[in-house]
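Note: the block below is start.json and it holds JSON, N, CA and C atoms.
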[["chain", "number", "residue", "atom", "x", "y", "z"],
["C", 1, "MET", "N", 67.25, 14.37, 58.76],
["C", 1, "MET", "CA", 67.54, 14.24, 57.34],
["C", 1, "MET", "C", 66.29, 13.74, 56.63],
["C", 2, "LYS", "N", 66.13, 14.14, 55.37],
["C", 2, "LYS", "CA", 64.94, 13.80, 54.61],
["C", 2, "LYS", "C", 65.34, 13.44, 53.19],
["C", 3, "LEU", "N", 64.65, 12.48, 52.60],
["C", 3, "LEU", "CA", 64.87, 12.12, 51.20],
["C", 3, "LEU", "C", 64.05, 13.04, 50.31],
["C", 4, "LYS", "N", 64.67, 13.66, 49.34],
["C", 4, "LYS", "CA", 63.96, 14.52, 48.39],
["C", 4, "LYS", "C", 64.33, 14.05, 46.99],
["C", 5, "PRO", "N", 63.43, 13.34, 46.29],
["C", 5, "PRO", "CA", 63.75, 12.84, 44.96],
["C", 5, "PRO", "C", 63.85, 13.97, 43.93],
["C", 6, "LEU", "N", 64.63, 13.74, 42.91],
["C", 6, "LEU", "CA", 64.83, 14.72, 41.85],
["C", 6, "LEU", "C", 63.93, 14.41, 40.66],
["C", 7, "ALA", "N", 63.64, 15.43, 39.88],
["C", 7, "ALA", "CA", 62.87, 15.33, 38.64],
["C", 7, "ALA", "C", 61.56, 14.57, 38.84],
["C", 8, "ASP", "N", 61.32, 13.53, 38.03],
["C", 8, "ASP", "CA", 60.03, 12.81, 38.11],
["C", 8, "ASP", "C", 60.17, 11.50, 38.88],
["C", 9, "ARG", "N", 61.03, 11.50, 39.88],
["C", 9, "ARG", "CA", 61.20, 10.31, 40.70],
["C", 9, "ARG", "C", 60.31, 10.38, 41.94],
["C", 10, "VAL", "N", 59.96, 9.19, 42.44],
["C", 10, "VAL", "CA", 59.05, 9.07, 43.57],
["C", 10, "VAL", "C", 59.64, 8.09, 44.56],
["C", 11, "VAL", "N", 59.64, 8.42, 45.85],
["C", 11, "VAL", "CA", 60.08, 7.50, 46.90],
["C", 11, "VAL", "C", 58.83, 6.80, 47.43],
["C", 12, "ILE", "N", 58.85, 5.45, 47.39],
["C", 12, "ILE", "CA", 57.70, 4.67, 47.86],
["C", 12, "ILE", "C", 58.14, 3.68, 48.91],
["C", 13, "LYS", "N", 57.20, 3.26, 49.73],
["C", 13, "LYS", "CA", 57.44, 2.22, 50.73],
["C", 13, "LYS", "C", 56.47, 1.10, 50.40],
["C", 14, "MET", "N", 57.02, -0.09, 50.14],
["C", 14, "MET", "CA", 56.21, -1.23, 49.74],
["C", 14, "MET", "C", 55.33, -1.69, 50.90],
["C", 15, "CYS", "N", 54.11, -2.11, 50.58],
["C", 15, "CYS", "CA", 53.19, -2.68, 51.57],
["C", 15, "CYS", "C", 53.55, -4.13, 51.79],
["C", 16, "GLU", "N", 53.22, -4.65, 52.94],
["C", 16, "GLU", "CA", 53.52, -6.04, 53.27],
["C", 16, "GLU", "C", 52.72, -7.00, 52.40],
["C", 17, "ALA", "N", 53.33, -8.11, 52.03],
["C", 17, "ALA", "CA", 52.66, -9.14, 51.24],
["C", 17, "ALA", "C", 51.71, -9.93, 52.14],
["C", 18, "GLU", "N", 50.68, -10.49, 51.55],
["C", 18, "GLU", "CA", 49.72, -11.30, 52.29],
["C", 18, "GLU", "C", 50.41, -12.54, 52.85],
["C", 19, "GLU", "N", 50.12, -12.89, 54.09],
["C", 19, "GLU", "CA", 50.72, -14.07, 54.71],
["C", 19, "GLU", "C", 49.85, -15.31, 54.56],
["C", 20, "THR", "N", 48.56, -15.10, 54.28],
["C", 20, "THR", "CA", 47.66, -16.25, 54.09],
["C", 20, "THR", "C", 46.83, -16.03, 52.83],
["C", 21, "THR", "N", 46.42, -17.11, 52.20],
["C", 21, "THR", "CA", 45.57, -17.02, 51.03],
["C", 21, "THR", "C", 44.12, -16.85, 51.48],
["C", 22, "LYS", "N", 43.21, -16.60, 50.53],
["C", 22, "LYS", "CA", 41.80, -16.45, 50.87],
["C", 22, "LYS", "C", 41.22, -17.72, 51.49],
["C", 23, "SER", "N", 41.78, -18.87, 51.11],
["C", 23, "SER", "CA", 41.29, -20.14, 51.67],
["C", 23, "SER", "C", 41.94, -20.48, 53.01],
["C", 24, "GLY", "N", 42.85, -19.62, 53.50],
["C", 24, "GLY", "CA", 43.43, -19.82, 54.82],
["C", 24, "GLY", "C", 44.78, -20.52, 54.84],
["C", 25, "ILE", "N", 45.38, -20.78, 53.68],
["C", 25, "ILE", "CA", 46.69, -21.42, 53.63],
["C", 25, "ILE", "C", 47.76, -20.40, 53.99],
["C", 26, "ILE", "N", 48.62, -20.76, 54.94],
["C", 26, "ILE", "CA", 49.70, -19.86, 55.35],
["C", 26, "ILE", "C", 50.86, -20.01, 54.37],
["C", 27, "LEU", "N", 51.33, -18.88, 53.85],
["C", 27, "LEU", "CA", 52.41, -18.89, 52.87],
["C", 27, "LEU", "C", 53.77, -18.77, 53.55],
["C", 28, "THR", "N", 54.74, -19.53, 53.05],
["C", 28, "THR", "CA", 56.11, -19.41, 53.54],
["C", 28, "THR", "C", 56.75, -18.20, 52.87],
["C", 29, "GLY", "N", 57.91, -17.80, 53.34],
["C", 29, "GLY", "CA", 58.61, -16.66, 52.77],
["C", 29, "GLY", "C", 58.90, -16.82, 51.29],
["C", 30, "ALA", "N", 59.25, -18.02, 50.85],
["C", 30, "ALA", "CA", 59.58, -18.26, 49.44],
["C", 30, "ALA", "C", 58.35, -18.21, 48.55],
["C", 31, "ALA", "N", 57.18, -18.52, 49.09],
["C", 31, "ALA", "CA", 55.96, -18.59, 48.28],
["C", 31, "ALA", "C", 55.29, -17.24, 48.10],
["C", 32, "LYS", "N", 55.68, -16.26, 48.90],
["C", 32, "LYS", "CA", 55.06, -14.94, 48.79],
["C", 32, "LYS", "C", 55.54, -14.23, 47.54],
["C", 33, "GLU", "N", 54.64, -13.55, 46.85],
["C", 33, "GLU", "CA", 55.03, -12.75, 45.70],
["C", 33, "GLU", "C", 55.57, -11.41, 46.18],
["C", 34, "LYS", "N", 56.44, -10.84, 45.38],
["C", 34, "LYS", "CA", 56.92, -9.51, 45.71],
["C", 34, "LYS", "C", 55.73, -8.56, 45.59],
["C", 35, "PRO", "N", 55.45, -7.76, 46.63],
["C", 35, "PRO", "CA", 54.30, -6.86, 46.55],
["C", 35, "PRO", "C", 54.50, -5.79, 45.50],
["C", 36, "SER", "N", 53.42, -5.39, 44.86],
["C", 36, "SER", "CA", 53.52, -4.33, 43.88],
["C", 36, "SER", "C", 52.70, -3.12, 44.31],
["C", 37, "VAL", "N", 52.10, -3.17, 45.50],
["C", 37, "VAL", "CA", 51.35, -2.05, 46.04],
["C", 37, "VAL", "C", 52.24, -1.32, 47.04],
["C", 38, "ALA", "N", 52.27, 0.00, 46.92],
["C", 38, "ALA", "CA", 53.15, 0.80, 47.79],
["C", 38, "ALA", "C", 52.46, 2.10, 48.15],
["C", 39, "VAL", "N", 53.02, 2.77, 49.16],
["C", 39, "VAL", "CA", 52.55, 4.08, 49.57],
["C", 39, "VAL", "C", 53.61, 5.11, 49.19],
["C", 40, "VAL", "N", 53.18, 6.22, 48.62],
["C", 40, "VAL", "CA", 54.10, 7.29, 48.22],
["C", 40, "VAL", "C", 54.56, 8.05, 49.46],
["C", 41, "VAL", "N", 55.89, 8.14, 49.62],
["C", 41, "VAL", "CA", 56.48, 8.81, 50.78],
["C", 41, "VAL", "C", 56.93, 10.22, 50.41],
["C", 42, "GLU", "N", 57.56, 10.38, 49.26],
["C", 42, "GLU", "CA", 58.03, 11.69, 48.77],
["C", 42, "GLU", "C", 57.90, 11.74, 47.26],
["C", 43, "VAL", "N", 57.72, 12.93, 46.73],
["C", 43, "VAL", "CA", 57.55, 13.14, 45.29],
["C", 43, "VAL", "C", 58.49, 14.24, 44.83],
["C", 44, "GLY", "N", 59.15, 14.02, 43.70],
["C", 44, "GLY", "CA", 60.00, 15.05, 43.13],
["C", 44, "GLY", "C", 59.18, 16.17, 42.52],
["C", 45, "PRO", "N", 59.84, 17.24, 42.05],
["C", 45, "PRO", "CA", 59.12, 18.39, 41.52],
["C", 45, "PRO", "C", 58.51, 18.16, 40.13],
["C", 46, "GLY", "N", 58.96, 17.15, 39.42],
["C", 46, "GLY", "CA", 58.48, 16.90, 38.07],
["C", 46, "GLY", "C", 59.61, 17.04, 37.07],
["C", 47, "ALA", "N", 59.40, 16.50, 35.89],
["C", 47, "ALA", "CA", 60.43, 16.57, 34.84],
["C", 47, "ALA", "C", 60.09, 17.70, 33.88],
["C", 48, "ARG", "N", 61.07, 18.10, 33.11],
["C", 48, "ARG", "CA", 60.85, 19.13, 32.09],
["C", 48, "ARG", "C", 60.72, 18.46, 30.73],
["C", 49, "ASP", "N", 59.81, 18.97, 29.91],
["C", 49, "ASP", "CA", 59.64, 18.41, 28.56],
["C", 49, "ASP", "C", 60.69, 19.00, 27.63],
["C", 50, "ASP", "N", 60.60, 18.71, 26.35],
["C", 50, "ASP", "CA", 61.60, 19.16, 25.37],
["C", 50, "ASP", "C", 61.67, 20.68, 25.25],
["C", 51, "ASN", "N", 60.58, 21.37, 25.61],
["C", 51, "ASN", "CA", 60.55, 22.83, 25.54],
["C", 51, "ASN", "C", 60.94, 23.49, 26.86],
["C", 52, "GLY", "N", 61.30, 22.69, 27.86],
["C", 52, "GLY", "CA", 61.71, 23.24, 29.15],
["C", 52, "GLY", "C", 60.56, 23.53, 30.09],
["C", 53, "VAL", "N", 59.35, 23.12, 29.71],
["C", 53, "VAL", "CA", 58.17, 23.35, 30.55],
["C", 53, "VAL", "C", 58.09, 22.24, 31.60],
["C", 54, "LEU", "N", 57.88, 22.63, 32.86],
["C", 54, "LEU", "CA", 57.78, 21.67, 33.95],
["C", 54, "LEU", "C", 56.47, 20.89, 33.84],
["C", 55, "VAL", "N", 56.58, 19.56, 33.76],
["C", 55, "VAL", "CA", 55.41, 18.69, 33.71],
["C", 55, "VAL", "C", 55.10, 18.28, 35.15],
["C", 56, "PRO", "N", 53.92, 18.64, 35.67],
["C", 56, "PRO", "CA", 53.61, 18.35, 37.08],
["C", 56, "PRO", "C", 53.46, 16.85, 37.33],
["C", 57, "MET", "N", 53.68, 16.46, 38.57],
["C", 57, "MET", "CA", 53.55, 15.07, 38.98],
["C", 57, "MET", "C", 52.07, 14.71, 39.14],
["C", 58, "GLU", "N", 51.74, 13.45, 38.81],
["C", 58, "GLU", "CA", 50.36, 12.99, 38.92],
["C", 58, "GLU", "C", 50.09, 12.29, 40.24],
["C", 59, "VAL", "N", 51.13, 11.96, 40.99],
["C", 59, "VAL", "CA", 50.96, 11.32, 42.29],
["C", 59, "VAL", "C", 51.36, 12.30, 43.38],
["C", 60, "SER", "N", 50.85, 12.07, 44.58],
["C", 60, "SER", "CA", 51.22, 12.93, 45.71],
["C", 60, "SER", "C", 51.48, 12.06, 46.93],
["C", 61, "VAL", "N", 52.09, 12.67, 47.93],
["C", 61, "VAL", "CA", 52.44, 11.96, 49.16],
["C", 61, "VAL", "C", 51.18, 11.37, 49.78],
["C", 62, "GLY", "N", 51.27, 10.09, 50.19],
["C", 62, "GLY", "CA", 50.14, 9.41, 50.81],
["C", 62, "GLY", "C", 49.32, 8.57, 49.85],
["C", 63, "ASP", "N", 49.50, 8.76, 48.53],
["C", 63, "ASP", "CA", 48.78, 7.94, 47.56],
["C", 63, "ASP", "C", 49.22, 6.49, 47.67],
["C", 64, "LYS", "N", 48.28, 5.57, 47.48],
["C", 64, "LYS", "CA", 48.60, 4.14, 47.39],
["C", 64, "LYS", "C", 48.67, 3.83, 45.91],
["C", 65, "VAL", "N", 49.79, 3.25, 45.46],
["C", 65, "VAL", "CA", 50.03, 3.04, 44.03],
["C", 65, "VAL", "C", 50.40, 1.59, 43.73],
["C", 66, "ILE", "N", 50.24, 1.23, 42.47],
["C", 66, "ILE", "CA", 50.69, -0.07, 41.96],
["C", 66, "ILE", "C", 51.84, 0.20, 41.02],
["C", 67, "THR", "N", 52.95, -0.51, 41.24],
["C", 67, "THR", "CA", 54.15, -0.30, 40.43],
["C", 67, "THR", "C", 54.45, -1.53, 39.57],
["C", 68, "SER", "N", 55.33, -1.34, 38.61],
["C", 68, "SER", "CA", 55.84, -2.46, 37.84],
["C", 68, "SER", "C", 56.54, -3.40, 38.81],
["C", 69, "LYS", "N", 56.48, -4.68, 38.55],
["C", 69, "LYS", "CA", 56.94, -5.69, 39.50],
["C", 69, "LYS", "C", 58.40, -5.54, 39.95],
["C", 70, "TYR", "N", 59.31, -5.32, 39.04],
["C", 70, "TYR", "CA", 60.73, -5.24, 39.41],
["C", 70, "TYR", "C", 61.33, -3.89, 39.06],
["C", 71, "SER", "N", 60.57, -2.83, 39.25],
["C", 71, "SER", "CA", 61.06, -1.50, 38.89],
["C", 71, "SER", "C", 61.71, -0.81, 40.08],
["C", 72, "GLY", "N", 62.47, 0.21, 39.78],
["C", 72, "GLY", "CA", 63.04, 1.06, 40.81],
["C", 72, "GLY", "C", 64.33, 0.57, 41.42],
["C", 73, "THR", "N", 64.84, 1.39, 42.32],
["C", 73, "THR", "CA", 66.07, 1.10, 43.05],
["C", 73, "THR", "C", 65.74, 1.03, 44.53],
["C", 74, "GLU", "N", 66.05, -0.11, 45.14],
["C", 74, "GLU", "CA", 65.78, -0.28, 46.56],
["C", 74, "GLU", "C", 66.90, 0.34, 47.37],
["C", 75, "ILE", "N", 66.52, 1.12, 48.40],
["C", 75, "ILE", "CA", 67.51, 1.77, 49.26],
["C", 75, "ILE", "C", 67.11, 1.57, 50.72],
["C", 76, "LYS", "N", 68.08, 1.71, 51.61],
["C", 76, "LYS", "CA", 67.82, 1.68, 53.04],
["C", 76, "LYS", "C", 68.24, 3.04, 53.57],
["C", 77, "PHE", "N", 67.30, 3.73, 54.24],
["C", 77, "PHE", "CA", 67.56, 5.08, 54.73],
["C", 77, "PHE", "C", 67.05, 5.17, 56.16],
["C", 78, "GLU", "N", 67.94, 5.48, 57.09],
["C", 78, "GLU", "CA", 67.62, 5.60, 58.50],
["C", 78, "GLU", "C", 66.85, 4.38, 59.02],
["C", 79, "GLY", "N", 67.31, 3.18, 58.63],
["C", 79, "GLY", "CA", 66.74, 1.94, 59.12],
["C", 79, "GLY", "C", 65.47, 1.48, 58.42],
["C", 80, "GLU", "N", 64.96, 2.22, 57.47],
["C", 80, "GLU", "CA", 63.74, 1.86, 56.73],
["C", 80, "GLU", "C", 64.11, 1.53, 55.29],
["C", 81, "GLU", "N", 63.33, 0.62, 54.69],
["C", 81, "GLU", "CA", 63.56, 0.25, 53.29],
["C", 81, "GLU", "C", 62.58, 0.98, 52.39],
["C", 82, "TYR", "N", 63.11, 1.63, 51.36],
["C", 82, "TYR", "CA", 62.31, 2.37, 50.40],
["C", 82, "TYR", "C", 62.70, 1.95, 49.00],
["C", 83, "THR", "N", 61.88, 2.33, 48.03],
["C", 83, "THR", "CA", 62.20, 2.13, 46.63],
["C", 83, "THR", "C", 62.02, 3.46, 45.92],
["C", 84, "VAL", "N", 62.98, 3.83, 45.07],
["C", 84, "VAL", "CA", 62.89, 5.05, 44.28],
["C", 84, "VAL", "C", 62.56, 4.63, 42.86],
["C", 85, "VAL", "N", 61.42, 5.12, 42.34],
["C", 85, "VAL", "CA", 60.97, 4.79, 40.99],
["C", 85, "VAL", "C", 60.72, 6.07, 40.21],
["C", 86, "LYS", "N", 60.74, 5.95, 38.89],
["C", 86, "LYS", "CA", 60.31, 7.05, 38.05],
["C", 86, "LYS", "C", 58.79, 7.02, 38.01],
["C", 87, "GLN", "N", 58.18, 8.16, 37.82],
["C", 87, "GLN", "CA", 56.72, 8.21, 37.77],
["C", 87, "GLN", "C", 56.15, 7.29, 36.69],
["C", 88, "SER", "N", 56.89, 7.10, 35.60],
["C", 88, "SER", "CA", 56.41, 6.22, 34.51],
["C", 88, "SER", "C", 56.37, 4.75, 34.93],
["C", 89, "ASP", "N", 57.05, 4.37, 36.02],
["C", 89, "ASP", "CA", 57.00, 3.00, 36.53],
["C", 89, "ASP", "C", 55.77, 2.75, 37.40],
["C", 90, "ILE", "N", 55.03, 3.81, 37.71],
["C", 90, "ILE", "CA", 53.80, 3.68, 38.49],
["C", 90, "ILE", "C", 52.67, 3.44, 37.51],
["C", 91, "LEU", "N", 51.99, 2.30, 37.70],
["C", 91, "LEU", "CA", 50.95, 1.88, 36.76],
["C", 91, "LEU", "C", 49.58, 2.46, 37.09],
["C", 92, "ALA", "N", 49.26, 2.63, 38.39],
["C", 92, "ALA", "CA", 47.94, 3.10, 38.78],
["C", 92, "ALA", "C", 47.96, 3.64, 40.19],
["C", 93, "ILE", "N", 46.98, 4.49, 40.50],
["C", 93, "ILE", "CA", 46.73, 4.96, 41.85],
["C", 93, "ILE", "C", 45.52, 4.21, 42.37],
["C", 94, "VAL", "N", 45.64, 3.64, 43.56],
["C", 94, "VAL", "CA", 44.53, 2.88, 44.16],
["C", 94, "VAL", "C", 43.67, 3.88, 44.92],
["C", 95, "GLU", "N", 42.38, 3.94, 44.58],
["C", 95, "GLU", "CA", 41.47, 4.89, 45.25],
["C", 95, "GLU", "C", 40.50, 4.17, 46.14]]
Before we go any further, please render this structure as structure tokens.
Amino acid sequence: MKLKPLADRVVIKMCEAEETTKSGIILTGAAKEKPSVAVVVEVGPGARDDNGVLVPMEVSVGDKVITSKYSGTEIKFEGEEYTVVKQSDILAIVE
């Protein structure tokens, strides 16, 4: 089975949060920030504009992206945790 997002939605997998600070302090679970960097797992076909023209997606599978902090819907699929976001919730592609 495979997840295939619809329209301009993107399936992402969040990257792990840092466990230590630059100065070497180990962070507890409560002190870690929610990560906002993720890897794109699947991409929908794109949304249609008001004239019915398909607007292509700007991200592709494998891209590392930065998302809005609390955006998207978290899901569990085949034992893995993913987040489904709209392309507009993706702030940048990390190159």
Name the residues within 6.5 Å of (60.7, 19.7, 42.2), counting only N, CA and C atoms in the file's coordinates, and put them as a list in words.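 All residues meeting the 6.5 Å criterion around (60.7, 19.7, 42.2) are Leu6, Ala7, Val43, Gly44, Pro45 and Gly46 of chain C.
Summary of the local environment: counting only N, CA and C atoms, residues at most 5 Å from Arg9 in chain C, other than itself and those fewer than 5 positions away along its chain, are Gly44, Val85, Lys86 and Gln87 of chain C.
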Nearest-residue call for Pro5 in chain C, choices C:Ile66, C:Val84, C:Val37, C:Ile75, using only N, CA and C atoms: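 Nearest candidate to Pro5 in chain C out of C:Ile66, C:Val84, C:Val37, C:Ile75: C:Val84.
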List as a PyMOL selection string the protein and nucleic acid residues near Ile93 in chain C, meaning an atom at most 12 Å away when only C-alpha atoms are counted, but skip any in the same chain fewer than 2 places from it. chain C and resi 36-40+58-67+87+89-91+95
Counting only N, CA and C atoms, figure out which residue out of C:Val94, C:Arg48, C:Val53, C:Glu81 gets nearest to Asp8 in chain C.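 Using only N, CA and C atoms, Asp8 in chain C sits closest to C:Arg48.
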For the strand (DSSP E) assignment from backbone DSSP, which residues of chain C qualify? Please present them as number ranges by chain. C: 9-14, 37-43, 47-48, 54-55, 64-67, 73-77, 80-86, 90-94
Which distance in Å separates atom C of Val11 in chain C and CA of Ala47 in chain C, to one decimal? 16.0 Å
Nearest to Val10 in chain C, chosen from C:Glu42, C:Glu78, C:Ser23, C:Ala92, with all atoms listed in the file counted in the distances: C:Glu42
CA of Met57 in chain C to CA of Met14 in chain C, straight-line distance in Å: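 Taking CA of Met14 in chain C as the start and CA of Met57 in chain C as the end point, the length is 19.7 Å.
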For atom N of Tyr82 in chain C and atom N of Leu54 in chain C, determine how far apart the two atoms are, in Å to one decimal place. 28.5 Å
Quick one: axis-aligned box around all listed atoms of range 66-77 of chain C, 8 Å on every side, centre and edge lengths in Å to one decimal, written as JSON.
{"center_x": 59.2, "center_y": -0.3, "center_z": 47.0, "size_x": 34.0, "size_y": 26.9, "size_z": 34.3}
Proximity to Lys13 in chain C - best of C:Thr83, C:Ser68, C:Ser88, C:Asn51, only C-alpha atoms: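 Of the candidates, the smallest distance to Lys13 in chain C is held by C:Thr83.
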